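Written out below as structure tokens is the structure these notes cover.
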Amino acid sequence: MTTGVDAAVAASYVEFADREARGVSPAYERLARSVARDGRLHALLGTVPEAKRQPNLLFAVVRLLGGPVEDPAAFGEFAAAHWPAVAAQLRTRATQTNEAGRCAALLPVLAALPQPLALLEVGASAGLCLYPDRYSYRYGDHRVGSGEPVLDCALTGAAPPDRRPVVAWRAGLDLNPLDVTDPADVAWLDALVWPEQGHRRARLRAAAAVAAA
């Protein structure tokens, strides 16, 4: 197995660092730049399909397996030492980030439609966006609903909704649907949240509890 730097892999990780992680996740920016230079990891990534070499997927898999993501050197050592397990997860997993916060942007439209609604989501992952009637919302000082999670959203050019929608039927379609009653699936959703985004992790757990109930 060659350990030379793969130009395509290097470029994809540098692009991820520059376009996605910079200013959002210092940990992932450091990791991406480190992996871009690591010929050993390039050789290992070459053993899995090209679509499975993406930074988000690799970082989440290592986190799922309990590996470090704050220290690039420790990350590289962990990934290399546990590569059979990492590769197995890369081949079977997909980046299925499920952000319930999107419901805050959808609520003004959904609440304005004739009620009740039937919701069908394509690419639903664990289906957390199928419960806009069960979450609470805050648009500035305006609160809609009660309980957790509370989804915050800045709204301009329109009045905030005064109600949540009434949902009579809901279903989600996904190539690999995740189950919020399965701890392993919830652990994967948690691993997909970037290290510094504790607020998203808390929101995910609260939304998963709503969906599980």
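Each chain in the structure tokens gets a letter, A, B, ..., in the order shown, and its residues are numbered from 1; ligands are numbered from 1 in order too.
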For Ala80 in chain A, find every residue with an atom within 8 Å (counting only C-alpha atoms), except residues of its own chain fewer than 2 positions away, and show them as a ChimeraX atom specification. /A:40-41,44,76-78,82-83
Please list as a PyMOL selection string every residue within 6 Å of Leu31 in chain A, counting only C-alpha atoms and excluding residues in the same chain fewer than 3 positions away. chain A and resi 28+34+72
Which residue of A:Glu15, A:Asp71, A:Leu57, A:Ala10 approaches His42 in chain A most closely, using only C-alpha atoms: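 The closest residue to His42 in chain A is A:Ala10.
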Let me make sure I understand: among A:Val61, A:Val69, A:Leu106, A:Ala207, which one has the smallest atom-to-atom distance to Ala94 in chain A if we use only C-alpha atoms?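 Nearest candidate to Ala94 in chain A out of A:Val61, A:Val69, A:Leu106, A:Ala207: A:Val61.
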Check the smallest atom-to-atom distance from each of A:Ala209, A:Ala36, A:Leu117, A:Leu90 to Val62 in chain A using only C-alpha atoms, then report the winner.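 Smallest separation from Val62 in chain A among the options: A:Leu90.
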Taking only C-alpha atoms into account, name the residue in A:Leu178, A:Ala202, A:Leu192, A:Leu130 that is nearest to Val150 in chain A.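 With only C-alpha atoms as the atom set, the closest residue is A:Ala202.
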Near Ser12 in chain A, within 12 Å and counting only C-alpha atoms, which residues show up once chain neighbours fewer than 3 positions away are dropped, as an MDAnalysis selection string? chainID A and resid 6:9 15:20 32:33 35:37 42 50:51 53:56
Tell me which protein, DNA and RNA residues are within 10 Å of Gln96 in chain A, counting only C-alpha atoms, leaving out same-chain ones fewer than 5 positions away, and put them as JSON, numbers by chain. {"A": [57, 123, 124, 125, 126, 174, 176, 177, 178, 188, 189, 192]}
Using only C-alpha atoms, pick whichever of A:Ala79, A:Ala158, A:Leu151, A:Cys103 has the shortest atom-to-atom distance to Leu128 in chain A. A:Cys103
Contacts of Arg170 in chain A at 9 Å (only C-alpha atoms; same-chain gap of 6+ positions) as a list of chain:residue names: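 Counting only C-alpha atoms, the residues come to A:Leu117, A:Ala118, A:Leu119, A:Leu120, A:Glu121, A:Leu130, A:Tyr131.
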Since we have the selection now, will you write its residues out, keeping N, CA and C atoms, as a CSV table (one decimal), in the first residue's frame?
```csv
chain,number,residue,atom,x,y,z
A,117,LEU,N,-53.0,19.3,8.0
A,117,LEU,CA,-52.0,19.0,7.0
A,117,LEU,C,-51.7,17.6,6.9
A,118,ALA,N,-51.3,17.1,5.8
A,118,ALA,CA,-50.6,15.8,5.6
A,118,ALA,C,-49.2,16.1,5.2
A,119,LEU,N,-48.2,15.6,5.9
A,119,LEU,CA,-46.8,15.9,5.6
A,119,LEU,C,-46.1,14.6,5.1
A,120,LEU,N,-45.4,14.8,4.0
A,120,LEU,CA,-44.5,13.8,3.4
A,120,LEU,C,-43.2,14.4,3.2
A,121,GLU,N,-42.1,13.8,3.8
A,121,GLU,CA,-40.8,14.3,3.6
A,121,GLU,C,-39.9,13.3,2.9
A,130,LEU,N,-40.6,16.1,10.7
A,130,LEU,CA,-42.0,15.8,10.5
A,130,LEU,C,-42.9,16.1,11.7
A,131,TYR,N,-42.3,16.8,12.7
A,131,TYR,CA,-43.0,17.1,13.9
A,131,TYR,C,-43.1,18.6,14.1
```
